[in-house]
Each structure stands twice: as structure tokens, then as C-alpha cells.
file model.txt (compact mmCIF, C-alpha atoms and all ligand atoms)
# COMPACT_ATOMS: atom_id res chain seq x y z
CA MET A 16 -1.23 -20.14 17.24
CA ARG A 17 1.59 -22.71 17.02
CA VAL A 18 2.75 -23.62 13.54
CA PHE A 19 5.29 -26.25 12.49
CA VAL A 20 6.92 -25.46 9.13
CA THR A 21 8.86 -28.00 7.04
CA GLY A 22 11.38 -26.63 4.56
CA ALA A 23 11.53 -23.52 6.75
CA ARG A 24 14.97 -22.58 5.45
CA GLY A 25 13.89 -22.72 1.81
CA PHE A 26 12.61 -19.85 -0.33
CA VAL A 27 8.90 -20.29 0.36
CA GLY A 28 9.34 -21.67 3.88
CA SER A 29 11.42 -18.69 4.98
CA ASN A 30 8.57 -16.42 3.89
CA VAL A 31 6.01 -18.53 5.73
CA VAL A 32 8.10 -18.39 8.90
CA ARG A 33 8.64 -14.64 8.69
CA VAL A 34 5.03 -13.71 7.89
CA LEU A 35 3.52 -15.99 10.53
CA ALA A 36 5.96 -15.09 13.30
CA GLU A 37 6.64 -11.42 12.61
CA ARG A 38 3.28 -10.24 11.30
CA HIS A 39 0.92 -12.54 13.15
CA GLY A 40 2.82 -13.40 16.33
CA ALA A 41 2.58 -17.15 15.71
CA GLU A 42 4.94 -19.44 17.57
CA VAL A 43 6.80 -21.18 14.78
CA ALA A 44 9.02 -24.26 14.77
CA GLY A 45 11.06 -24.51 11.56
CA PRO A 46 13.58 -27.32 11.94
CA SER A 47 16.25 -27.76 9.28
CA ARG A 48 16.50 -30.95 7.28
CA ALA A 49 19.43 -32.01 9.48
CA GLN A 50 17.20 -31.63 12.55
CA VAL A 51 14.06 -33.30 11.15
CA ASP A 52 14.22 -35.23 7.89
CA THR A 53 10.68 -35.41 6.53
CA THR A 54 11.36 -38.81 4.94
CA ASP A 55 11.90 -40.24 8.44
CA ALA A 56 8.44 -41.01 9.84
CA ASP A 57 9.62 -41.41 13.43
CA ALA A 58 11.61 -38.19 13.40
CA VAL A 59 8.63 -36.24 12.06
CA ALA A 60 6.23 -37.82 14.55
CA ARG A 61 8.55 -37.07 17.49
CA ALA A 62 9.18 -33.45 16.49
CA VAL A 63 5.53 -32.70 15.83
CA ASP A 64 4.38 -34.42 19.00
CA ALA A 65 6.90 -32.42 21.06
CA PHE A 66 5.84 -29.07 19.56
CA GLU A 67 2.04 -29.70 19.63
CA PRO A 68 1.25 -27.43 16.69
CA ASP A 69 -2.18 -26.14 15.73
CA ALA A 70 -1.09 -26.35 12.11
CA ILE A 71 1.71 -27.72 9.93
CA VAL A 72 2.74 -25.93 6.74
CA HIS A 73 4.54 -28.50 4.62
CA CYS A 74 6.93 -26.73 2.25
CA ALA A 75 9.84 -29.20 2.09
CA ILE A 76 10.55 -30.95 -1.18
CA LEU A 77 13.49 -32.65 -2.81
CA ASN A 78 14.20 -29.67 -5.05
CA ASP A 79 16.42 -31.28 -7.65
CA PRO A 80 14.76 -31.73 -11.07
CA VAL A 81 17.54 -34.01 -12.35
CA ALA A 82 17.34 -36.32 -9.32
CA LEU A 83 13.59 -36.68 -9.83
CA ASP A 84 14.16 -38.64 -13.03
CA ARG A 85 17.43 -40.31 -12.02
CA ASP A 86 16.39 -41.70 -8.63
CA ARG A 87 12.69 -42.42 -8.57
CA ARG A 88 12.79 -43.94 -5.09
CA ALA A 89 14.41 -40.84 -3.59
CA ALA A 90 11.94 -38.68 -5.50
CA TRP A 91 8.94 -40.65 -4.24
CA ASP A 92 10.28 -40.51 -0.69
CA GLY A 93 11.11 -36.79 -0.89
CA TYR A 94 7.57 -35.90 -1.94
CA VAL A 95 4.94 -38.54 -1.33
CA VAL A 96 6.34 -40.45 1.64
CA ALA A 97 7.43 -37.20 3.31
CA THR A 98 3.92 -35.80 2.87
CA ARG A 99 2.38 -38.96 4.32
CA ASN A 100 4.71 -38.68 7.32
CA VAL A 101 3.66 -35.08 7.89
CA VAL A 102 -0.04 -35.92 7.54
CA ASP A 103 0.21 -38.85 9.97
CA ALA A 104 2.01 -36.66 12.53
CA ALA A 105 -0.64 -33.98 12.10
CA ASN A 106 -3.48 -36.44 12.52
CA ALA A 107 -1.88 -37.80 15.69
CA THR A 108 -1.78 -34.32 17.24
CA GLY A 109 -4.96 -32.85 15.75
CA ALA A 110 -3.09 -30.30 13.63
CA HIS A 111 -4.38 -28.76 10.40
CA VAL A 112 -2.07 -29.60 7.44
CA VAL A 113 -1.38 -27.10 4.68
CA LEU A 114 0.54 -28.55 1.74
CA ILE A 115 2.30 -25.97 -0.40
CA SER A 116 1.67 -27.11 -3.96
CA THR A 117 2.14 -25.79 -7.47
CA ASP A 118 0.55 -24.71 -10.76
CA TRP A 119 2.70 -27.41 -12.41
CA VAL A 120 0.09 -30.03 -11.45
CA PHE A 121 -1.58 -28.80 -14.66
CA ASP A 122 -0.51 -29.71 -18.18
CA GLY A 123 -0.04 -26.26 -19.69
CA THR A 124 -3.25 -26.32 -21.75
CA GLN A 125 -5.49 -25.72 -18.74
CA GLY A 126 -4.82 -21.98 -18.49
CA GLY A 127 -7.09 -20.19 -16.04
CA ALA A 128 -7.53 -23.41 -14.04
CA THR A 129 -9.89 -23.06 -11.12
CA GLU A 130 -9.39 -24.76 -7.78
CA ASP A 131 -11.56 -27.74 -8.84
CA GLU A 132 -9.92 -28.34 -12.24
CA PRO A 133 -8.57 -31.93 -12.28
CA PRO A 134 -4.74 -31.95 -12.33
CA ASN A 135 -3.01 -33.45 -15.36
CA PRO A 136 0.73 -33.32 -14.69
CA ILE A 137 3.19 -33.87 -17.52
CA ASN A 138 6.50 -34.22 -15.69
CA ALA A 139 7.88 -35.96 -12.60
CA TYR A 140 7.68 -32.87 -10.41
CA GLY A 141 4.03 -32.23 -11.31
CA PHE A 142 3.19 -35.90 -10.81
CA LEU A 143 4.84 -36.04 -7.38
CA LYS A 144 3.11 -32.82 -6.30
CA ALA A 145 -0.28 -34.06 -7.54
CA ALA A 146 0.27 -37.34 -5.67
CA SER A 147 1.21 -35.37 -2.53
CA GLU A 148 -1.97 -33.30 -2.91
CA LEU A 149 -4.01 -36.50 -2.93
CA VAL A 150 -2.26 -37.81 0.17
CA VAL A 151 -3.18 -34.63 2.03
CA LEU A 152 -6.73 -34.34 0.74
CA GLU A 153 -7.57 -38.01 1.28
CA ARG A 154 -5.62 -38.77 4.45
CA ALA A 155 -5.46 -35.64 6.61
CA ALA A 156 -8.24 -35.00 9.09
CA ARG A 157 -7.93 -31.25 8.42
CA ALA A 158 -6.42 -30.60 5.02
CA THR A 159 -5.60 -27.67 2.77
CA VAL A 160 -3.71 -27.68 -0.50
CA ALA A 161 -2.31 -24.21 -1.16
CA ARG A 162 -1.14 -23.98 -4.76
CA ILE A 163 1.31 -21.20 -5.39
CA ALA A 164 2.87 -20.12 -8.70
CA GLY A 165 5.57 -18.03 -10.33
CA VAL A 166 6.97 -17.14 -6.96
CA ALA A 167 8.89 -13.86 -6.66
CA GLY A 168 10.34 -12.44 -3.49
CA VAL A 169 13.19 -12.55 -1.05
CA HIS A 170 14.69 -15.80 0.19
CA TRP A 171 15.05 -14.65 3.82
CA ALA A 172 17.26 -17.57 4.81
CA ARG A 173 19.68 -17.41 1.86
CA PRO A 174 19.52 -14.08 -0.02
CA ALA A 175 21.89 -15.03 -2.92
CA LEU A 176 19.96 -16.12 -6.01
CA PRO A 177 20.47 -19.83 -6.79
CA ARG A 178 20.07 -19.36 -10.54
CA GLU A 179 19.33 -16.64 -13.03
CA GLN A 180 16.44 -18.24 -14.88
CA ASP A 181 14.91 -21.65 -15.43
CA ALA A 182 11.98 -23.21 -17.26
CA GLY A 183 9.60 -21.78 -14.67
CA PHE A 184 9.06 -18.26 -13.33
CA GLY A 185 11.06 -18.78 -10.12
CA TYR A 186 13.63 -16.05 -9.37
CA LEU A 187 12.98 -14.40 -12.79
CA CYS A 188 12.01 -10.95 -11.44
CA ALA A 189 14.80 -10.74 -8.87
CA SER A 190 17.53 -11.80 -11.30
CA LEU A 191 16.25 -9.44 -13.98
CA VAL A 192 16.42 -6.56 -11.50
CA GLN A 193 19.91 -7.58 -10.37
CA THR A 194 21.14 -7.74 -13.99
CA LEU A 195 19.61 -4.44 -15.11
CA ARG A 196 20.88 -2.68 -12.00
CA ALA A 197 24.36 -3.90 -12.89
CA GLY A 198 23.93 -2.11 -16.23
CA ARG A 199 23.59 -5.31 -18.27
CA ARG A 200 20.80 -6.41 -20.63
CA PHE A 201 18.56 -9.35 -19.63
CA THR A 202 17.12 -11.89 -22.06
CA VAL A 203 13.80 -13.35 -20.93
CA TRP A 204 13.43 -16.82 -22.37
CA GLU A 205 10.51 -17.47 -24.68
CA SER A 206 9.68 -20.87 -26.15
CA PRO A 207 6.74 -23.27 -26.55
CA ASP A 208 8.82 -25.72 -24.49
CA ILE A 209 8.93 -23.75 -21.24
CA ASN A 210 6.44 -22.20 -18.83
CA CYS A 211 5.53 -18.94 -20.59
CA ILE A 212 2.27 -17.88 -18.89
CA ALA A 213 1.64 -18.01 -15.15
CA THR A 214 0.18 -16.11 -12.23
CA PRO A 215 3.10 -14.48 -10.40
CA THR A 216 2.93 -14.44 -6.64
CA LEU A 217 4.92 -12.55 -4.06
CA ALA A 218 6.19 -15.21 -1.67
CA SER A 219 5.13 -13.20 1.38
CA ASP A 220 1.64 -12.79 -0.15
CA ALA A 221 1.39 -16.56 -0.55
CA ALA A 222 2.39 -16.86 3.10
CA GLU A 223 -0.25 -14.30 4.10
CA LEU A 224 -2.91 -16.31 2.26
CA VAL A 225 -1.73 -19.48 3.97
CA TRP A 226 -2.08 -17.70 7.31
CA ARG A 227 -5.66 -16.76 6.47
CA ALA A 228 -6.40 -20.36 5.51
CA ILE A 229 -5.10 -21.58 8.87
CA GLU A 230 -6.75 -18.83 10.89
CA GLY A 231 -10.13 -19.33 9.23
CA GLY A 232 -9.88 -23.14 9.07
CA HIS A 233 -10.30 -23.13 5.28
CA GLU A 234 -9.86 -26.64 3.92
CA GLY A 235 -9.67 -28.06 0.39
CA VAL A 236 -7.78 -26.63 -2.56
CA LEU A 237 -6.83 -22.96 -2.58
CA HIS A 238 -4.97 -20.94 -5.21
CA CYS A 239 -2.72 -18.72 -3.09
CA VAL A 240 -1.46 -16.56 -5.94
CA GLY A 241 -1.44 -13.00 -7.26
CA GLY A 242 -4.43 -11.43 -8.96
CA GLU A 243 -3.12 -11.25 -12.53
CA SER A 244 -1.68 -13.75 -15.01
CA VAL A 245 1.01 -12.67 -17.46
CA ASP A 246 3.51 -13.95 -20.01
CA ARG A 247 7.23 -14.02 -19.18
CA VAL A 248 8.33 -11.18 -21.47
CA SER A 249 5.57 -8.79 -20.32
CA LEU A 250 6.45 -9.72 -16.74
CA GLY A 251 10.09 -8.86 -17.44
CA ARG A 252 9.24 -5.45 -18.92
CA ARG A 253 6.71 -4.61 -16.20
CA THR A 254 9.26 -5.61 -13.56
CA ALA A 255 11.77 -3.21 -15.12
CA ARG A 256 9.22 -0.37 -15.00
CA ALA A 257 8.23 -1.15 -11.40
CA PHE A 258 11.90 -0.76 -10.42
CA ASP A 259 12.40 2.43 -12.50
CA LEU A 260 14.66 0.51 -14.84
CA ASP A 261 14.61 0.66 -18.65
CA PRO A 262 12.25 -1.95 -20.19
CA GLU A 263 14.22 -1.52 -23.45
CA MET A 264 17.04 -3.40 -21.69
CA VAL A 265 14.81 -6.51 -21.58
CA ASP A 266 15.14 -8.78 -24.62
CA ALA A 267 13.24 -11.94 -25.54
CA GLY A 268 15.16 -14.99 -26.72
CA PRO A 269 15.39 -18.77 -26.72
CA PRO A 270 16.19 -20.60 -23.47
CA ASP A 271 19.58 -22.07 -22.65
CA PRO A 272 19.16 -25.81 -23.47
CA ALA A 273 21.81 -26.72 -20.89
CA VAL A 274 19.62 -25.23 -18.14
CA VAL A 275 16.20 -26.23 -19.42
CA GLY A 276 17.11 -29.86 -20.26
CA SER A 277 14.67 -32.30 -21.79
CA MET A 278 11.92 -32.28 -19.14
CA ARG A 279 8.44 -31.56 -20.49
CA VAL A 280 7.23 -28.26 -19.10
CA PRO A 281 3.65 -26.94 -19.02
CA TYR A 282 3.30 -23.80 -21.20
CA ASP A 283 0.33 -21.93 -19.71
CA THR A 284 -0.20 -22.60 -16.01
CA SER A 285 -2.21 -19.50 -15.21
CA LEU A 286 -4.57 -19.99 -12.29
CA ASP A 287 -7.99 -18.58 -11.51
CA ALA A 288 -8.07 -17.71 -7.82
CA ALA A 289 -11.41 -15.92 -7.57
CA ALA A 290 -12.94 -18.60 -5.35
CA THR A 291 -9.93 -18.55 -3.03
CA ALA A 292 -10.03 -14.76 -2.73
CA MET A 293 -13.74 -14.92 -1.90
CA ARG A 294 -13.23 -17.64 0.73
CA LEU A 295 -10.30 -15.85 2.35
CA GLY A 296 -12.02 -12.45 2.19
CA VAL A 297 -9.25 -10.67 0.26
CA GLU A 298 -8.71 -8.80 -2.95
CA LEU A 299 -5.72 -10.32 -4.75
CA PRO A 300 -3.10 -7.75 -5.81
CA THR A 301 -2.64 -6.53 -9.37
CA LEU A 302 0.71 -7.39 -10.90
CA ASP A 303 1.96 -3.80 -10.61
CA ALA A 304 0.99 -3.63 -6.94
CA MET A 305 2.72 -6.93 -6.33
CA LEU A 306 5.88 -5.76 -8.13
CA GLY A 307 5.89 -2.53 -6.12
CA ARG A 308 5.91 -4.55 -2.92
CA LEU A 309 8.57 -6.90 -4.29
CA ARG A 310 10.70 -3.78 -4.77
CA LYS A 311 10.14 -2.76 -1.16
CA GLU A 312 11.22 -6.18 0.09
CA LEU A 313 14.31 -6.40 -2.11
CA ASP A 314 15.40 -2.84 -1.30
CA THR A 315 14.65 -2.71 2.43
CA GLY A 316 15.10 -6.30 3.59
CA GLU A 317 11.75 -5.94 5.38
CA LEU A 318 8.37 -7.52 4.69
CA ALA A 319 6.28 -5.24 2.47
CA PRO A 320 2.93 -3.99 3.76
CA ARG A 321 0.11 -6.37 2.93
CA GLY A 322 -1.63 -4.05 0.44
CA THR A 323 -5.03 -5.37 -0.62
CA LEU A 324 -4.44 -8.56 1.38
CA GLY A 325 -4.56 -6.54 4.58
CA ASP A 326 -8.18 -5.55 4.24
CA GLY A 327 -9.83 -8.97 4.27
CA ARG A 328 -11.69 -10.07 7.33
CA GLY A 329 -10.91 -13.79 7.11
CA VAL A 330 -14.37 -15.05 6.23
CA ALA A 331 -15.30 -18.15 8.24
CA ALA A 332 -14.83 -21.54 6.58
N1 LIG A 401 9.73 -21.55 -5.72
C1 LIG A 401 8.71 -21.60 -6.56
O1 LIG A 401 8.69 -20.87 -7.57
C2 LIG A 401 7.54 -22.52 -6.28
C3 LIG A 401 6.45 -22.48 -7.15
C4 LIG A 401 5.36 -23.31 -6.90
C5 LIG A 401 5.37 -24.14 -5.80
N2 LIG A 401 6.45 -24.19 -4.99
C6 LIG A 401 6.42 -25.11 -3.83
O2 LIG A 401 6.92 -24.43 -2.70
C7 LIG A 401 7.52 -25.36 -1.82
C8 LIG A 401 8.88 -24.85 -1.40
O3 LIG A 401 9.70 -24.66 -2.53
P1 LIG A 401 10.95 -23.70 -2.48
O4 LIG A 401 11.06 -23.02 -3.78
O5 LIG A 401 10.92 -22.91 -1.24
O6 LIG A 401 12.13 -24.78 -2.41
P2 LIG A 401 13.54 -24.67 -1.67
O7 LIG A 401 13.98 -23.27 -1.54
O8 LIG A 401 14.44 -25.63 -2.37
O9 LIG A 401 13.22 -25.23 -0.22
C9 LIG A 401 12.96 -26.59 0.01
C10 LIG A 401 13.32 -26.87 1.46
O10 LIG A 401 12.99 -28.23 1.76
C11 LIG A 401 14.01 -28.75 2.57
N3 LIG A 401 14.07 -30.21 2.44
C12 LIG A 401 14.34 -30.93 1.34
N4 LIG A 401 14.28 -32.25 1.62
C13 LIG A 401 13.99 -32.34 2.94
C14 LIG A 401 13.82 -33.42 3.83
N5 LIG A 401 13.93 -34.70 3.43
N6 LIG A 401 13.52 -33.16 5.12
C15 LIG A 401 13.41 -31.90 5.56
N7 LIG A 401 13.55 -30.83 4.78
C16 LIG A 401 13.85 -31.05 3.48
C17 LIG A 401 15.28 -28.10 2.05
O11 LIG A 401 16.30 -28.16 3.01
P3 LIG A 401 17.83 -28.20 2.53
O12 LIG A 401 18.08 -26.87 1.89
O13 LIG A 401 18.57 -28.39 3.81
O14 LIG A 401 17.95 -29.36 1.58
C18 LIG A 401 14.79 -26.68 1.78
O15 LIG A 401 14.90 -25.89 2.94
C19 LIG A 401 7.56 -26.69 -2.55
O16 LIG A 401 6.52 -27.51 -2.05
C20 LIG A 401 7.29 -26.34 -4.00
O17 LIG A 401 6.63 -27.38 -4.66
C21 LIG A 401 7.56 -23.39 -5.20

call {"tool": "encode", "arguments": {"input": "model.txt", "output": "C-alpha cells"}}
result
Amino acid sequence: MRVFVTGARGFVGSNVVRVLAERHGAEVAGPSRAQVDTTDADAVARAVDAFEPDAIVHCAILNDPVALDRDRRAAWDGYVVATRNVVDAANATGAHVVLISTDWVFDGTQGGATEDEPPNPINAYGFLKAASELVVLERAARATVARIAGVAGVHWARPALPREQDAGFGYLCASLVQTLRAGRRFTVWESPDINCIATPTLASDAAELVWRAIEGGHEGVLHCVGGESVDRVSLGRRTARAFDLDPEMVDAGPPDPAVVGSMRVPYDTSLDAAATAMRLGVELPTLDAMLGRLRKELDTGELAPRGTLGDGRGVAA
């Protein structure tokens, strides 16, 4: 299997590359942004045509929340135009497109959203991701939208954490572990104005589910997430326990306004992934199982064993 990955040097992309190449022996092309800019239609078409992939996993985004509101043209290009370029290149070569998407296409009142729940984004990022989903679903000859959420894990291309905490769940577990291990207390933010309930996902598990979607030719919308939804503070305390750290060192408190800013953020973005698990023939991991494997990855620098995701048989599409 030959797979072309955009955003391969990002957090999620680096997990996709490692899982597909190392665990499944896929031949992977993961050009950097400097090598192939996804907003450049010709560059994308040339690179995809040269590699002749069976599938493209499109992870790249303009990951700059401030720029999304400040420069709407750049934002549109970095999400929607880039996705159209990837889809057109895939269609020209017969490749299956998998768009990595997000639980933030929902408005925060749609907790437990199933794969067929209509999106209702409330901020620029959610809007641009929902628009990108439509481009893929309506334009690609073979199309999958893989929504992921609350991603925890190792950034294999750039191990240093970019930030301690933000309005979403990203990097929360890893920074909490780093702080507690340094002997300091960690305050998990809690507020009606941030994302407080979600369905945490180990990045390498999301990549494993994406692999199953490609391998089995599963199209449409999938929720490639963990098997349990949780609130931020419980996640913080359960993370501490999973790492044999003291949950009493985890406090709850208001977010830092300088970090959170004024963007509207969906409160409860928990996802129901039962239909995805059934289609892909897997049992999604419990939160504690997922945290145990996160610990293995952070402590060993190796991919954790697949756990319950290893037993599925990849049910045909
Ligand atoms: N992380 C999460 O918690 C989370 C949750 C839900 C969904 N997602 C989805 O997961 C995907 C990946 O997110 P991430 O967290 O891995 O972000 P990330 O670490 O910021 O990675 C994004 C990657 O895209 C690349 N990129 C940006 N603009 C590009 C362009 N014009 N051409 C080519 N490459 C470009 C970046 O390259 P440079 O570094 O060189 O700019 C970077 O490698 C996104 O689709 C996001 O919506 C993430």
C-alpha cells in the first residue's frame, strides 16, 4: 500500500506516518510544507502524480487560531482550497482520500454526536473543517472523513510540547504528566467557555483506525476516537493515576484568558463512535487502557501495542 500524507511532520501526521510505515509496512510519502505546499494546486498534483498513492491522508492545516480570524483568505486557502487541491490530485490518480477532521465541527450542545449528526460549527476553525469535510464528501471519488478528538500522544517529529494547555484537550495529558513528574501541581482549566467534555484519543490509535479505513475501503464519516468520553478534570486525575502520580496534585481552576482568547469554543464535543467501531471491526479502548498505552509511548519512545484495536478483522466496506 502506498500512502501520501500531508502535514506528515505535525502531531497527528507523524503518528499516521509511523503507524502506517512501521506497523503496516506501507510505503509512505510525507513531504514537508516546504516541499509540497497544499495551497499550491500544481505542486500537489505533481507530487501526488509522481508518487501514485493508493490513498492520501490529509492532515495538514493552517494551525494558527489567531490567523484564522485575522486573515480569512489565508484561512480559507489553508483549509478549504488545500483540501480541494488534495481531492483533485487524488481523483486524478484514483487514490482514496482520508480527511482528518475534528469534533469541533459540532457546537458543544451535541454531546454524544453520532457519525450522521449534522455539524453546527461555532468558530472559524470548526467552520473551515466542516467546509473541508463537505469538499471531500462531495468531490472525492473515494472519500472518508475521519474525525478525531482530544488527541493525546507523542509528536514523533517534534517531541517538545508546543503549549501546556489550551481551550481544547490537545497536549493536556502529556503536559500534566510532565508537570507532576517535575514535582509541581497542575491546574486543569474548567469553564463553560472552553471544551470541557470530549472523547480522548491516542494519536496512534487514531492512525490505526485510519489504516483500517484505508485497508477496508471504508468511506463516509468515521469517528476515529477512543471508547470513552470524559470531562477535563476527571481526565487529569485519571491520567495522574495511570502514570502512578498523585491525583491530589491536580487542581481545577479557571483558564488563562490570555491563552484562551475570545474565540467561541464548543463545551461538550463528546462523540459516539459505535458505528465506526462496528464498521472497522474493533473494540475501542477504555480511557484507562488508552492512558496506559500513552504512558508506554511517552516512556519508551516506541509505538504502544494496539490493545483492543489489534483484534479487529477489518470488516469489508
Ligand atoms: N491535535 C488535535 O488535538 C486535533 C484534534 C482534532 C483534529 N485534529 C486535526 O488533525 C489534523 C492535524 O493536526 P495537528 O494537531 O497534527 O496539527 P500540527 O501539529 O500543527 O500539524 C499540521 C501540519 O500541517 C502542515 N501544514 C500547514 N500548512 C501547510 C501547507 N500549506 N502545506 C503543507 N503542509 C502544511 C504543518 O507544517 P509546518 O509545521 O511546516 O507549518 C504541520 O506539519 C488537522 O486536520 C486537525 O484539524 C487535531

call {"tool": "residues_near_ligand", "arguments": {"input": "model.txt", "ligand": "ligand LIG 401 (chain A)", "cutoff": "9 Å", "atoms": "all atoms listed in the file", "output": "ChimeraX atom specification"}}
result
/A:21-30,46-55,73-79,92-94,97,114-119,140-141,144,161-167,170,172-173,183-186,215-216,218

call {"tool": "atom_distance", "arguments": {"input": "model.txt", "atom1": "CA of Glu205 (chain A)", "atom2": "CA of Ala267 (chain A)"}}
result
6.2 Å

call {"tool": "atom_distance", "arguments": {"input": "model.txt", "atom1": "CA of Leu318 (chain A)", "atom2": "CA of Leu224 (chain A)"}}
result
14.5 Å

call {"tool": "atom_distance", "arguments": {"input": "model.txt", "atom1": "CA of Gly109 (chain A)", "atom2": "CA of Val95 (chain A)"}}
result
20.5 Å

call {"tool": "closest_residue", "arguments": {"input": "model.txt", "among": "A:Ala319, A:Val43, A:Val59, A:Leu286", "to": "Leu237 (chain A)", "atoms": "all atoms listed in the file"}}
result
A:Leu286

call {"tool": "residues_near_point", "arguments": {"input": "model.txt", "point": "(10.0, -9.1, -3.4)", "cutoff": "8 Å", "atoms": "all atoms listed in the file", "output": "PyMOL selection string"}}
result
chain A and resi 167-169+189+217-219+306+308-313+319

call {"tool": "write_last_selection", "arguments": {"input": "model.txt", "atoms": "C-alpha atoms", "output": "compact mmCIF listing (two decimals), in the frame of the given file"}}
result
# COMPACT_ATOMS: atom_id res chain seq x y z
CA ALA A 167 8.89 -13.86 -6.66
CA GLY A 168 10.34 -12.44 -3.49
CA VAL A 169 13.19 -12.55 -1.05
CA ALA A 189 14.80 -10.74 -8.87
CA LEU A 217 4.92 -12.55 -4.06
CA ALA A 218 6.19 -15.21 -1.67
CA SER A 219 5.13 -13.20 1.38
CA LEU A 306 5.88 -5.76 -8.13
CA ARG A 308 5.91 -4.55 -2.92
CA LEU A 309 8.57 -6.90 -4.29
CA ARG A 310 10.70 -3.78 -4.77
CA LYS A 311 10.14 -2.76 -1.16
CA GLU A 312 11.22 -6.18 0.09
CA LEU A 313 14.31 -6.40 -2.11
CA ALA A 319 6.28 -5.24 2.47

call {"tool": "residues_around", "arguments": {"input": "model.txt", "residues": "Arg154 (chain A)", "least_positions_apart": "2", "cutoff": "9 Å", "atoms": "all atoms listed in the file", "output": "list in words"}}
result
Arg99, Val102, Asp103, Asn106, Leu149, Val150, Val151, Leu152, Ala156, Arg157 and Ala158 of chain A

call {"tool": "closest_atom_pairs", "arguments": {"input": "model.txt", "of": "region 104-213 of chain A", "to": "region 227-232 of chain A", "cutoff": "8 Å", "atoms": "all atoms listed in the file", "output": "tab-separated table"}}
result
residue	atom	partner	partner_atom	distance
A:His111	CA	A:Ile229	CA	7.4
A:Val113	CA	A:Ile229	CA	7.9
A:Thr159	CA	A:Ala228	CA	7.8

call {"tool": "residues_around", "arguments": {"input": "model.txt", "residues": "region 66-70 of chain A", "least_positions_apart": "3", "cutoff": "9 Å", "atoms": "all atoms listed in the file", "output": "tab-separated table (two decimals) with C-alpha atoms, in the frame of the given file"}}
result
chain	number	residue	atom	x	y	z
A	16	MET	CA	-1.23	-20.14	17.24
A	17	ARG	CA	1.59	-22.71	17.02
A	18	VAL	CA	2.75	-23.62	13.54
A	19	PHE	CA	5.29	-26.25	12.49
A	20	VAL	CA	6.92	-25.46	9.13
A	42	GLU	CA	4.94	-19.44	17.57
A	43	VAL	CA	6.80	-21.18	14.78
A	44	ALA	CA	9.02	-24.26	14.77
A	61	ARG	CA	8.55	-37.07	17.49
A	62	ALA	CA	9.18	-33.45	16.49
A	63	VAL	CA	5.53	-32.70	15.83
A	105	ALA	CA	-0.64	-33.98	12.10
A	108	THR	CA	-1.78	-34.32	17.24
A	109	GLY	CA	-4.96	-32.85	15.75
A	110	ALA	CA	-3.09	-30.30	13.63
A	111	HIS	CA	-4.38	-28.76	10.40
A	112	VAL	CA	-2.07	-29.60	7.44
A	113	VAL	CA	-1.38	-27.10	4.68
A	229	ILE	CA	-5.10	-21.58	8.87

call {"tool": "closest_residue", "arguments": {"input": "model.txt", "among": "A:Ala104, A:Ile71, A:Val275, A:Val96", "to": "Val32 (chain A)", "atoms": "only C-alpha atoms"}}
result
A:Ile71

call {"tool": "closest_residue", "arguments": {"input": "model.txt", "among": "A:Ala222, A:Ala182, A:Val248, A:Val236", "to": "Pro270 (chain A)", "atoms": "only C-alpha atoms"}}
result
A:Ala182

call {"tool": "closest_residue", "arguments": {"input": "model.txt", "among": "A:Gly123, A:Ala107, A:Gly296, A:Gly307", "to": "Ala65 (chain A)", "atoms": "all atoms listed in the file"}}
result
A:Ala107

call {"tool": "closest_residue", "arguments": {"input": "model.txt", "among": "A:Ala56, A:Pro269, A:Ala257, A:Glu148", "to": "Trp204 (chain A)", "atoms": "all atoms listed in the file"}}
result
A:Pro269

call {"tool": "closest_residue", "arguments": {"input": "model.txt", "among": "A:Gly126, A:Pro134, A:Pro262, A:Pro80", "to": "Val245 (chain A)", "atoms": "only C-alpha atoms"}}
result
A:Gly126

call {"tool": "residues_near_point", "arguments": {"input": "model.txt", "point": "(15.8, -4.7, -19.1)", "cutoff": "6 Å", "atoms": "all atoms listed in the file", "output": "MDAnalysis selection string"}}
result
chainID A and resid 195 200:201 255 261:265

call {"tool": "axis_aligned_box", "arguments": {"input": "model.txt", "around": "region 108-124 of chain A", "padding_each_side": "8 Å", "output": "JSON"}}
result
{"center_x": -1.1, "center_y": -29.5, "center_z": -2.3, "size_x": 23.7, "size_y": 25.6, "size_z": 55.0}

call {"tool": "build_atoms", "arguments": {"input": "model.txt", "residues": "region 75-86 of chain A", "atoms": "N, CA, C and O atoms", "output": "mmCIF file, keeping the file's coordinate frame"}}
result
data_model
loop_
_atom_site.group_PDB
_atom_site.id
_atom_site.type_symbol
_atom_site.label_atom_id
_atom_site.label_comp_id
_atom_site.auth_asym_id
_atom_site.auth_seq_id
_atom_site.Cartn_x
_atom_site.Cartn_y
_atom_site.Cartn_z
ATOM 1 N N ALA A 75 8.618 -28.494 2.501
ATOM 2 C CA ALA A 75 9.840 -29.200 2.090
ATOM 3 C C ALA A 75 9.594 -30.086 0.876
ATOM 4 O O ALA A 75 8.585 -30.783 0.787
ATOM 5 N N ILE A 76 10.537 -30.020 -0.035
ATOM 6 C CA ILE A 76 10.550 -30.950 -1.180
ATOM 7 C C ILE A 76 11.994 -31.268 -1.515
ATOM 8 O O ILE A 76 12.898 -30.504 -1.178
ATOM 9 N N LEU A 77 12.195 -32.359 -2.210
ATOM 10 C CA LEU A 77 13.490 -32.650 -2.810
ATOM 11 C C LEU A 77 13.558 -31.789 -4.071
ATOM 12 O O LEU A 77 12.955 -32.130 -5.094
ATOM 13 N N ASN A 78 14.249 -30.649 -3.958
ATOM 14 C CA ASN A 78 14.200 -29.670 -5.050
ATOM 15 C C ASN A 78 15.379 -29.861 -5.980
ATOM 16 O O ASN A 78 16.315 -29.072 -6.004
ATOM 17 N N ASP A 79 15.312 -30.949 -6.754
ATOM 18 C CA ASP A 79 16.420 -31.280 -7.650
ATOM 19 C C ASP A 79 15.823 -31.979 -8.876
ATOM 20 O O ASP A 79 15.679 -33.198 -8.900
ATOM 21 N N PRO A 80 15.466 -31.186 -9.912
ATOM 22 C CA PRO A 80 14.760 -31.730 -11.070
ATOM 23 C C PRO A 80 15.483 -32.922 -11.699
ATOM 24 O O PRO A 80 14.840 -33.879 -12.132
ATOM 25 N N VAL A 81 16.815 -32.906 -11.719
ATOM 26 C CA VAL A 81 17.540 -34.010 -12.350
ATOM 27 C C VAL A 81 17.364 -35.291 -11.540
ATOM 28 O O VAL A 81 17.059 -36.360 -12.078
ATOM 29 N N ALA A 82 17.468 -35.147 -10.196
ATOM 30 C CA ALA A 82 17.340 -36.320 -9.320
ATOM 31 C C ALA A 82 15.954 -36.951 -9.444
ATOM 32 O O ALA A 82 15.795 -38.165 -9.271
ATOM 33 N N LEU A 83 14.950 -36.144 -9.761
ATOM 34 C CA LEU A 83 13.590 -36.680 -9.830
ATOM 35 C C LEU A 83 13.467 -37.768 -10.890
ATOM 36 O O LEU A 83 12.709 -38.712 -10.734
ATOM 37 N N ASP A 84 14.207 -37.618 -11.991
ATOM 38 C CA ASP A 84 14.160 -38.640 -13.030
ATOM 39 C C ASP A 84 15.197 -39.728 -12.812
ATOM 40 O O ASP A 84 14.996 -40.866 -13.209
ATOM 41 N N ARG A 85 16.317 -39.365 -12.155
ATOM 42 C CA ARG A 85 17.430 -40.310 -12.020
ATOM 43 C C ARG A 85 17.210 -41.305 -10.888
ATOM 44 O O ARG A 85 17.611 -42.452 -10.963
ATOM 45 N N ASP A 86 16.561 -40.846 -9.800
ATOM 46 C CA ASP A 86 16.390 -41.700 -8.630
ATOM 47 C C ASP A 86 14.934 -41.644 -8.183
ATOM 48 O O ASP A 86 14.543 -40.849 -7.344
#
